[in-house]
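Listing of input14.tsv; format and content: TSV, C-alpha atoms and all ligand atoms.
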```tsv
chain	number	residue	atom	x	y	z
U	1	MET	CA	12.86	23.15	2.75
U	2	TYR	CA	14.71	20.88	0.39
U	3	LEU	CA	14.25	17.37	1.77
U	4	SER	CA	11.40	15.79	3.75
U	5	VAL	CA	11.71	12.31	5.18
U	6	VAL	CA	8.37	10.68	5.98
U	7	ILE	CA	8.08	7.62	8.21
U	8	PRO	CA	4.88	5.95	9.44
U	9	CYS	CA	5.31	4.38	12.88
U	10	MET	CA	3.00	2.01	14.66
U	11	ASN	CA	4.29	0.53	17.90
U	12	GLU	CA	7.88	1.23	16.99
U	13	GLU	CA	9.19	2.49	20.35
U	14	GLU	CA	12.25	0.23	20.13
U	15	SER	CA	13.10	1.19	16.55
U	16	ILE	CA	12.88	4.97	16.82
U	17	PRO	CA	16.17	5.85	18.60
U	18	GLY	CA	18.27	3.78	16.18
U	19	LEU	CA	16.23	4.97	13.22
U	20	VAL	CA	16.68	8.66	14.00
U	21	GLU	CA	20.40	8.20	14.61
U	22	ARG	CA	21.03	6.38	11.35
U	23	LEU	CA	18.77	8.67	9.38
U	24	ALA	CA	20.42	11.83	10.74
U	25	GLN	CA	23.71	10.42	9.47
U	26	ALA	CA	22.26	9.58	6.05
U	27	ILE	CA	20.76	13.03	5.48
U	28	LYS	CA	23.80	14.94	6.74
U	29	PRO	CA	24.55	16.56	3.35
U	30	TRP	CA	21.10	18.24	3.45
U	31	LYS	CA	20.99	18.69	7.19
U	32	ASP	CA	20.04	22.35	7.33
U	33	GLN	CA	17.31	22.05	4.75
U	34	ALA	CA	15.76	18.81	5.87
U	35	GLU	CA	12.89	17.71	8.05
U	36	ILE	CA	12.12	14.23	9.35
U	37	ILE	CA	8.41	13.59	9.83
U	38	LEU	CA	7.50	10.69	12.09
U	39	VAL	CA	3.81	9.84	12.03
U	40	ASP	CA	2.57	8.00	15.08
U	41	ASP	CA	-0.25	5.87	13.72
U	42	GLY	CA	-2.26	5.42	16.92
U	43	SER	CA	0.42	3.39	18.67
U	44	THR	CA	-0.47	1.64	21.89
U	45	ASP	CA	3.10	1.63	23.19
U	46	ALA	CA	5.46	4.51	24.00
U	47	THR	CA	6.08	5.49	20.35
U	48	TRP	CA	4.94	9.09	20.86
U	49	LYS	CA	7.22	9.45	23.89
U	50	ALA	CA	10.09	8.04	21.83
U	51	ILE	CA	9.35	10.59	19.11
U	52	GLU	CA	9.33	13.45	21.62
U	53	ALA	CA	12.58	12.21	23.14
U	54	ALA	CA	14.20	11.91	19.71
U	55	LYS	CA	13.14	15.46	18.93
U	56	LEU	CA	15.31	16.73	21.78
U	57	ILE	CA	18.40	15.26	20.10
U	58	CYS	CA	17.37	15.89	16.52
U	59	PRO	CA	15.77	19.34	16.14
U	60	GLN	CA	14.72	18.89	12.51
U	61	LEU	CA	12.40	16.12	13.60
U	62	VAL	CA	8.64	16.65	13.37
U	63	GLY	CA	6.18	14.39	15.14
U	64	VAL	CA	2.62	14.02	13.90
U	65	ARG	CA	0.27	11.94	15.96
U	66	LEU	CA	-2.93	10.49	14.54
U	67	SER	CA	-5.96	10.23	16.78
U	68	ALA	CA	-6.23	6.49	16.15
U	69	ASN	CA	-4.68	3.71	14.11
U	70	ARG	CA	-5.52	4.26	10.46
U	71	GLY	CA	-3.11	1.83	8.81
U	72	HIS	CA	0.25	2.13	7.10
U	73	GLN	CA	-0.92	3.76	3.87
U	74	ILE	CA	-3.00	6.45	5.56
U	75	ALA	CA	-0.30	7.19	8.14
U	76	LEU	CA	2.09	7.63	5.23
U	77	THR	CA	-0.44	9.92	3.53
U	78	ALA	CA	-0.70	12.04	6.70
U	79	GLY	CA	3.08	12.43	6.71
U	80	LEU	CA	3.17	13.28	3.02
U	81	GLU	CA	0.49	15.93	3.48
U	82	ALA	CA	2.48	17.43	6.36
U	83	SER	CA	5.71	17.51	4.34
U	84	GLN	CA	7.07	20.75	2.91
U	85	GLY	CA	10.16	19.63	1.03
U	86	ASP	CA	10.89	19.74	-2.69
U	87	ARG	CA	12.03	16.14	-2.50
U	88	ILE	CA	10.32	13.61	-0.30
U	89	PHE	CA	11.93	10.41	0.93
U	90	MET	CA	9.70	7.64	2.32
U	91	LEU	CA	10.77	4.68	4.38
U	92	ASP	CA	9.65	2.33	7.12
U	93	ALA	CA	10.58	2.73	10.76
U	94	ASP	CA	12.20	-0.68	11.08
U	95	LEU	CA	15.30	0.07	8.95
U	96	GLN	CA	14.55	-2.81	6.59
U	97	ASP	CA	15.21	-0.33	3.82
U	98	PRO	CA	18.65	1.32	4.05
U	99	PRO	CA	18.41	5.12	4.42
U	100	GLU	CA	21.91	5.34	2.91
U	101	LEU	CA	20.36	4.61	-0.49
U	102	LEU	CA	19.16	8.21	-0.41
U	103	THR	CA	22.47	9.38	-1.92
U	104	ASP	CA	21.96	7.17	-4.99
U	105	MET	CA	18.32	8.16	-5.23
U	106	MET	CA	19.26	11.85	-5.11
U	107	PHE	CA	21.78	11.20	-7.87
U	108	MET	CA	19.12	9.65	-10.09
U	109	MET	CA	16.71	12.48	-9.36
U	110	ASP	CA	19.37	14.97	-10.39
U	111	ARG	CA	19.40	13.10	-13.72
U	112	GLY	CA	15.77	14.14	-14.22
U	113	PHE	CA	13.68	11.36	-12.71
U	114	ASP	CA	10.56	12.35	-10.78
U	115	VAL	CA	10.26	9.12	-8.82
U	116	VAL	CA	13.15	6.89	-7.75
U	117	TYR	CA	11.95	3.75	-6.06
U	118	GLY	CA	13.83	0.97	-4.31
U	119	ARG	CA	13.48	-2.47	-5.80
U	120	ARG	CA	14.10	-5.45	-3.54
U	121	SER	CA	16.48	-7.81	-5.26
U	122	GLU	CA	16.52	-9.95	-2.16
U	123	ARG	CA	14.60	-10.10	1.11
U	124	ARG	CA	16.57	-11.26	4.09
U	125	GLY	CA	15.22	-12.62	7.33
U	126	GLU	CA	11.63	-12.95	6.16
U	127	THR	CA	9.68	-16.18	6.23
U	128	MET	CA	9.36	-18.28	3.07
U	129	PHE	CA	5.64	-17.71	3.35
U	130	LYS	CA	5.94	-13.91	3.31
U	131	LYS	CA	8.41	-14.00	0.42
U	132	ALA	CA	6.25	-16.39	-1.60
U	133	THR	CA	2.99	-14.49	-1.02
U	134	ALA	CA	4.68	-11.15	-1.74
U	135	HIS	CA	6.16	-12.57	-4.94
U	136	LEU	CA	2.81	-13.91	-6.08
U	137	PHE	CA	1.03	-10.69	-5.10
U	138	TYR	CA	3.23	-8.43	-7.23
U	139	ARG	CA	2.95	-10.76	-10.26
U	140	PHE	CA	-0.80	-11.23	-9.94
U	141	LEU	CA	-1.43	-7.53	-9.35
U	142	ASN	CA	0.47	-6.68	-12.49
U	143	ALA	CA	-1.44	-9.20	-14.54
U	144	MET	CA	-4.70	-7.68	-13.31
U	145	SER	CA	-3.78	-4.02	-13.11
U	146	ASP	CA	-4.73	-1.46	-15.72
U	147	VAL	CA	-1.40	0.37	-15.18
U	148	PRO	CA	2.00	-1.32	-14.86
U	149	ILE	CA	3.05	-1.28	-11.21
U	150	PRO	CA	6.76	-1.90	-10.52
U	151	GLN	CA	7.41	-5.38	-9.13
U	152	ASP	CA	8.95	-6.09	-5.71
U	153	THR	CA	8.73	-2.44	-4.85
U	154	GLY	CA	7.36	-1.01	-1.64
U	155	ASP	CA	6.84	2.58	-0.64
U	156	PHE	CA	10.57	3.06	-0.07
U	157	ARG	CA	11.28	5.85	-2.57
U	158	LEU	CA	12.33	9.40	-3.27
U	159	VAL	CA	9.78	11.54	-5.10
U	160	ASN	CA	9.76	15.15	-6.15
U	161	ARG	CA	7.16	17.73	-5.29
U	162	ARG	CA	5.23	17.62	-8.55
U	163	SER	CA	4.74	13.86	-8.47
U	164	LEU	CA	3.76	14.00	-4.79
U	165	ASP	CA	1.26	16.79	-5.46
U	166	ALA	CA	-0.24	14.63	-8.19
U	167	VAL	CA	-0.72	11.74	-5.78
U	168	LEU	CA	-2.06	13.96	-3.00
U	169	ALA	CA	-4.60	15.34	-5.46
U	170	MET	CA	-6.17	11.89	-5.66
U	171	PRO	CA	-9.01	11.85	-3.14
U	172	GLU	CA	-9.46	8.09	-2.78
U	173	LYS	CA	-9.51	6.65	0.72
U	174	ALA	CA	-8.40	3.12	-0.13
U	175	ARG	CA	-4.84	4.13	-0.78
U	176	PHE	CA	-2.25	2.02	-2.51
U	177	ILE	CA	0.45	4.64	-2.68
U	178	ARG	CA	3.04	2.84	-4.81
U	179	GLY	CA	0.35	2.18	-7.42
U	180	MET	CA	-0.83	5.78	-7.27
U	181	PHE	CA	2.66	7.01	-8.13
U	182	ALA	CA	2.79	4.55	-11.02
U	183	TRP	CA	-0.59	5.75	-12.23
U	184	ALA	CA	0.35	9.44	-11.90
U	185	GLY	CA	2.96	8.84	-14.56
U	186	PHE	CA	6.07	11.05	-14.62
U	187	LYS	CA	9.55	9.67	-15.11
U	188	GLN	CA	10.28	6.74	-12.82
U	189	VAL	CA	13.27	4.54	-12.22
U	190	GLY	CA	14.13	1.75	-9.78
U	191	ILE	CA	17.31	1.10	-7.84
U	192	GLU	CA	18.00	-2.44	-6.65
U	193	TYR	CA	18.82	-3.09	-3.01
U	194	ILE	CA	18.82	-5.93	-0.52
U	195	ARG	CA	16.05	-5.75	2.04
U	196	SER	CA	17.44	-6.58	5.45
U	197	PRO	CA	15.52	-8.27	8.26
U	198	ARG	CA	13.55	-6.16	10.72
U	199	GLU	CA	15.91	-5.31	13.56
U	200	LEU	CA	13.53	-4.63	16.43
U	201	GLY	CA	9.85	-5.08	17.12
U	202	GLU	CA	7.66	-7.24	14.96
U	203	THR	CA	5.90	-6.96	11.62
U	204	LYS	CA	2.63	-5.03	11.55
U	205	TYR	CA	1.57	-6.92	8.47
U	206	PRO	CA	0.27	-10.29	9.57
U	207	PHE	CA	-1.36	-12.40	6.86
U	208	ARG	CA	-4.79	-10.83	7.38
U	209	ALA	CA	-3.43	-7.31	6.92
U	210	MET	CA	-1.50	-8.39	3.82
U	211	LEU	CA	-4.62	-9.91	2.32
U	212	ARG	CA	-6.64	-6.74	2.97
U	213	PHE	CA	-3.84	-4.69	1.44
U	214	ALA	CA	-3.77	-6.96	-1.62
U	215	ILE	CA	-7.54	-6.68	-2.15
U	216	ASP	CA	-7.33	-2.89	-1.75
U	217	ALA	CA	-4.61	-2.79	-4.37
U	218	MET	CA	-6.50	-5.04	-6.71
U	219	THR	CA	-9.81	-3.20	-6.55
U	220	ALA	CA	-8.16	0.22	-6.71
U	221	PHE	CA	-6.11	-0.57	-9.78
U	222	SER	CA	-8.12	-3.03	-11.75
U	223	THR	CA	-11.65	-3.53	-12.92
U	224	LYS	CA	-10.73	-6.92	-14.34
U	225	PRO	CA	-12.34	-8.83	-11.44
U	226	LEU	CA	-15.64	-7.22	-12.45
U	227	LYS	CA	-15.11	-8.37	-15.99
U	228	LEU	CA	-14.24	-11.80	-14.64
U	229	ALA	CA	-17.70	-11.88	-13.11
U	230	THR	CA	-19.25	-11.20	-16.50
U	231	ARG	CA	-17.06	-13.79	-18.18
U	232	LEU	CA	-17.94	-16.37	-15.54
U	233	SER	CA	-21.61	-15.75	-16.02
U	234	PHE	CA	-21.20	-16.35	-19.78
U	235	ILE	CA	-19.51	-19.65	-19.04
U	236	SER	CA	-22.30	-20.60	-16.64
U	237	LEU	CA	-24.93	-19.75	-19.23
U	238	PHE	CA	-23.11	-21.78	-21.84
U	239	MET	CA	-22.82	-24.76	-19.48
U	240	ALA	CA	-26.48	-24.39	-18.55
U	241	ALA	CA	-27.43	-24.51	-22.25
U	242	LEU	CA	-25.41	-27.72	-22.73
U	243	MET	CA	-27.00	-29.15	-19.61
U	244	ALA	CA	-30.48	-28.32	-20.96
U	245	VAL	CA	-29.75	-30.19	-24.18
U	246	TYR	CA	-28.56	-33.18	-22.17
U	247	VAL	CA	-31.60	-33.13	-19.88
U	248	ILE	CA	-34.07	-32.98	-22.78
U	249	TYR	CA	-32.18	-35.69	-24.65
U	250	SER	CA	-32.22	-38.10	-21.69
U	251	LEU	CA	-35.86	-37.34	-20.98
U	252	VAL	CA	-36.85	-38.21	-24.55
U	253	VAL	CA	-34.50	-41.17	-25.11
U	254	TYR	CA	-34.44	-42.86	-21.68
U	255	GLN	CA	-37.83	-41.66	-20.48
U	256	THR	CA	-36.25	-41.12	-17.05
U	257	ALA	CA	-35.38	-38.13	-14.99
U	258	PRO	CA	-31.65	-37.51	-15.07
U	259	GLY	CA	-29.75	-38.68	-12.00
U	260	TRP	CA	-28.75	-36.61	-9.03
U	261	ALA	CA	-25.23	-36.21	-10.39
U	262	SER	CA	-26.18	-33.63	-12.97
U	263	VAL	CA	-28.37	-31.80	-10.45
U	264	VAL	CA	-25.60	-31.64	-7.89
U	265	LEU	CA	-23.17	-30.62	-10.57
U	266	ALA	CA	-25.37	-27.83	-11.84
U	267	VAL	CA	-26.33	-26.55	-8.41
U	268	SER	CA	-22.79	-26.51	-7.13
U	269	PHE	CA	-21.36	-24.92	-10.24
U	270	PHE	CA	-23.93	-22.17	-10.51
U	271	SER	CA	-24.07	-21.35	-6.84
U	272	GLY	CA	-20.28	-21.18	-6.82
U	273	ALA	CA	-20.24	-18.85	-9.79
U	274	GLN	CA	-22.97	-16.71	-8.25
U	275	LEU	CA	-21.27	-16.45	-4.91
U	276	LEU	CA	-18.01	-15.47	-6.53
U	277	THR	CA	-19.73	-12.88	-8.66
U	278	LEU	CA	-21.63	-11.49	-5.69
U	279	GLY	CA	-18.42	-11.41	-3.66
U	280	ILE	CA	-16.63	-9.42	-6.33
U	281	LEU	CA	-19.55	-6.99	-6.60
U	282	GLY	CA	-19.53	-6.69	-2.82
U	283	GLU	CA	-15.86	-5.74	-2.77
U	284	TYR	CA	-16.44	-2.89	-5.20
U	285	ILE	CA	-19.71	-1.74	-3.67
U	286	GLY	CA	-18.11	-1.67	-0.24
U	287	ARG	CA	-15.40	0.56	-1.58
U	288	LEU	CA	-17.84	2.81	-3.41
U	289	TYR	CA	-19.65	3.18	-0.10
U	290	VAL	CA	-16.49	4.21	1.71
U	291	GLU	CA	-15.57	6.69	-1.02
U	292	ALA	CA	-19.12	8.07	-1.12
U	293	LYS	CA	-19.09	8.79	2.61
U	294	ASN	CA	-16.05	10.93	1.87
U	295	ARG	CA	-14.87	11.03	5.46
U	296	PRO	CA	-11.56	12.65	6.30
U	297	MET	CA	-8.95	9.92	6.23
U	298	TYR	CA	-7.40	10.84	9.57
U	299	PHE	CA	-7.24	13.45	12.31
U	300	VAL	CA	-4.06	14.80	13.81
U	301	SER	CA	-4.23	14.91	17.59
U	302	GLU	CA	-0.76	16.34	18.19
U	303	ASP	CA	1.89	17.98	16.04
U	304	THR	CA	5.25	19.01	17.41
U	305	ARG	CA	5.29	21.97	15.02
U	306	ASP	CA	2.26	23.20	16.87
U	307	VAL	CA	0.04	23.90	13.88
U	308	ALA	CA	-3.69	23.50	14.35
U	309	PRO	CA	-4.67	19.85	14.14
U	310	VAL	CA	-6.45	18.91	10.93
U	311	SER	CA	-9.71	18.31	12.75
U	312	ARG	CA	-9.72	21.90	13.99
U	313	ARG	CA	-8.74	23.23	10.59
U	314	LEU	CA	-11.64	21.39	9.02
U	315	ARG	CA	-14.12	22.91	11.44
U	316	ALA	CA	-12.77	26.43	11.02
P	1	LIG	N1	2.69	0.84	10.09
P	1	LIG	C1	1.81	1.86	10.42
P	1	LIG	N2	0.50	1.55	10.71
P	1	LIG	C2	0.02	0.27	10.63
P	1	LIG	C3	0.93	-0.77	10.25
P	1	LIG	C4	2.25	-0.45	9.98
P	1	LIG	O1	2.20	3.03	10.49
P	1	LIG	O2	-1.17	0.06	10.91
P	1	LIG	C5	4.11	1.17	9.79
P	1	LIG	C6	5.13	0.40	10.59
P	1	LIG	O3	5.39	1.03	11.83
P	1	LIG	C7	6.34	0.40	9.68
P	1	LIG	C8	5.71	0.38	8.28
P	1	LIG	O4	4.35	0.81	8.46
P	1	LIG	O5	7.11	1.59	9.80
P	1	LIG	C9	5.77	-0.98	7.64
P	1	LIG	O6	5.28	-1.99	8.52
P	1	LIG	P1	6.08	-3.34	8.76
P	1	LIG	O7	7.55	-3.07	8.78
P	1	LIG	O8	5.52	-3.97	9.99
P	1	LIG	O9	5.69	-4.18	7.48
P	1	LIG	P2	6.59	-5.29	6.74
P	1	LIG	O10	7.94	-4.69	6.47
P	1	LIG	O11	6.66	-6.43	7.69
P	1	LIG	O12	5.83	-5.61	5.49
P	2	MG	MG	9.10	-3.87	7.88
```

Please go through the file and, once you have read it, give me the structure as structure tokens.
Amino acid sequence: MYLSVVIPCMNEEESIPGLVERLAQAIKPWKDQAEIILVDDGSTDATWKAIEAAKLICPQLVGVRLSANRGHQIALTAGLEASQGDRIFMLDADLQDPPELLTDMMFMMDRGFDVVYGRRSERRGETMFKKATAHLFYRFLNAMSDVPIPQDTGDFRLVNRRSLDAVLAMPEKARFIRGMFAWAGFKQVGIEYIRSPRELGETKYPFRAMLRFAIDAMTAFSTKPLKLATRLSFISLFMAALMAVYVIYSLVVYQTAPGWASVVLAVSFFSGAQLLTLGILGEYIGRLYVEAKNRPMYFVSEDTRDVAPVSRRLRA
């Protein structure tokens, strides 16, 4: 197998027919040595039916169905683990990222790059809010992150087997796949493209999901928030020392208790700092807990290739 295409799908019944058609066209040059893996991430609509129907027209299609919704990054991981190709192409089901870019990505990979990612030079048809938050997110993440993560870059990319194996060897459950590829190292390059609007269906990343994703990314790739907690506590201690001097001074000089202002100020500042610090600790401890449980990330309930589902393999 030369090329694997991996696509996570959650409630994408409308997108799948058009997706498979356009993709089959884009991978024509590698047709006989290619597989297209569609992962149904616990959809509540007819996505699995659409996958089975598409398989009748496109024999190189493989459907993998997860037992429940596990989220974009884990669905993608399931597809990557099921892939057998030497080169693996990842994209979304909604055709926001043009599959035709594969030709250029292949070209760059032939030049010796291990990872060729798509970089959005422009996002069309997305709300100002999404564009602005995404812009801020990538900048902020990079400022915080311990490894440089390419800006304005999603999971739309072509990777080779050795870089994929490196990422799949990472056992963490809170997965931020684009960052994991950056961290794995290897030779990477970006290709600019214009991200088109979603054609059918609606976004599966409402603000809440984006925020969760951003916090996952931040905690997985940076320990700076923890250091921020320490730094904040230094500042609080310093302020408290100043406050103590002031309190003693006014007690001695004015013979009066200081007014409520300083009390309110102190209480609000320190409780704010403490809450923030506790919150940051909580984020990391919560993740340590999830990693410590070490649960399988997902279970496959159906696979059109008819291999034993992962859950059965684990028990065997
Ligand atoms: N997706 C998924 N599981 C989820 C959420 C999303 O498999 O829980 C898939 C979705 O079907 C799509 C891709 O992840 O193929 C990206 O989602 P979407 O296009 O909604 O995100 P956006 O482009 O709006 O950021
Ligand atoms: Mg999309």

Exercise for the section: Check the smallest atom-to-atom distance from each of U:Met109, U:Ile149, U:Leu66, U:Ala54 to ligand LIG 1 (chain P) using only C-alpha atoms and all ligand atoms, then report the winner. Expected result: U:Leu66

Exercise for the section: May I ask you to write as an NGL selection string all residues lying at most 8 Å from ligand MG 2 (chain P), with only C-alpha atoms and all ligand atoms counted? Expected result: :U and (92-96 or 197-198 or 202-204)

Exercise for the section: Just give me the gap between atom CA of Glu13 of chain U and atom CA of Asp216 of chain U in Å, one decimal is fine. Expected result: 28.1 Å

Handout entry: Expected answer as a PyMOL selection string: residues within 9 Å of ligand LIG 1 (chain P), all atoms listed in the file
Key = chain U and resi 7-12+39-43+69-76+91-97+126+130+154+197-198+201-206+209-210

Exercise for the section: Counting only C-alpha atoms, figure out which residue out of U:Arg123, U:Arg212, U:Arg139, U:Arg231 gets nearest to Ala273 of chain U. Expected result: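 Counting only C-alpha atoms, the residue closest to Ala273 of chain U is U:Arg231.
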
Just need the box for segment 156-172 of chain U, edges along x, y and z, holding every atom the file lists for it with 5 Å tacked onto each side, so centre and edge lengths in Å to one decimal, as AutoDock Vina command-line options.
```
--center_x 1.4 --center_y 10.4 --center_z -4.3 --size_x 31.8 --size_y 24.7 --size_z 18.5
```

Considering all atoms listed in the file, return as a tab-separated table (two decimals) with C-alpha atoms, in the frame of the given file whatever protein or nucleic-acid residues lie within 9 Å of Pro150 of chain U, sequence-local ones (same chain, fewer than 3 positions apart) excluded.
```
chain	number	residue	atom	x	y	z
U	117	TYR	CA	11.95	3.75	-6.06
U	119	ARG	CA	13.48	-2.47	-5.80
U	138	TYR	CA	3.23	-8.43	-7.23
U	142	ASN	CA	0.47	-6.68	-12.49
U	153	THR	CA	8.73	-2.44	-4.85
U	154	GLY	CA	7.36	-1.01	-1.64
U	178	ARG	CA	3.04	2.84	-4.81
U	179	GLY	CA	0.35	2.18	-7.42
U	182	ALA	CA	2.79	4.55	-11.02
U	190	GLY	CA	14.13	1.75	-9.78
```

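Rounded to one decimal, atom CA of Glu291 of chain U and atom CA of Val147 of chain U lie 21.0 Å from each other.
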
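Put simply, atom CA of Leu101 of chain U is 26.0 Å away from atom CA of Ala53 of chain U.
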
Handout entry: Selected residue, from U:Phe113, U:Leu211, U:Leu228, U:Met218, that lies nearest to Lys187 of chain U when counting all atoms listed in the file
Key = U:Phe113
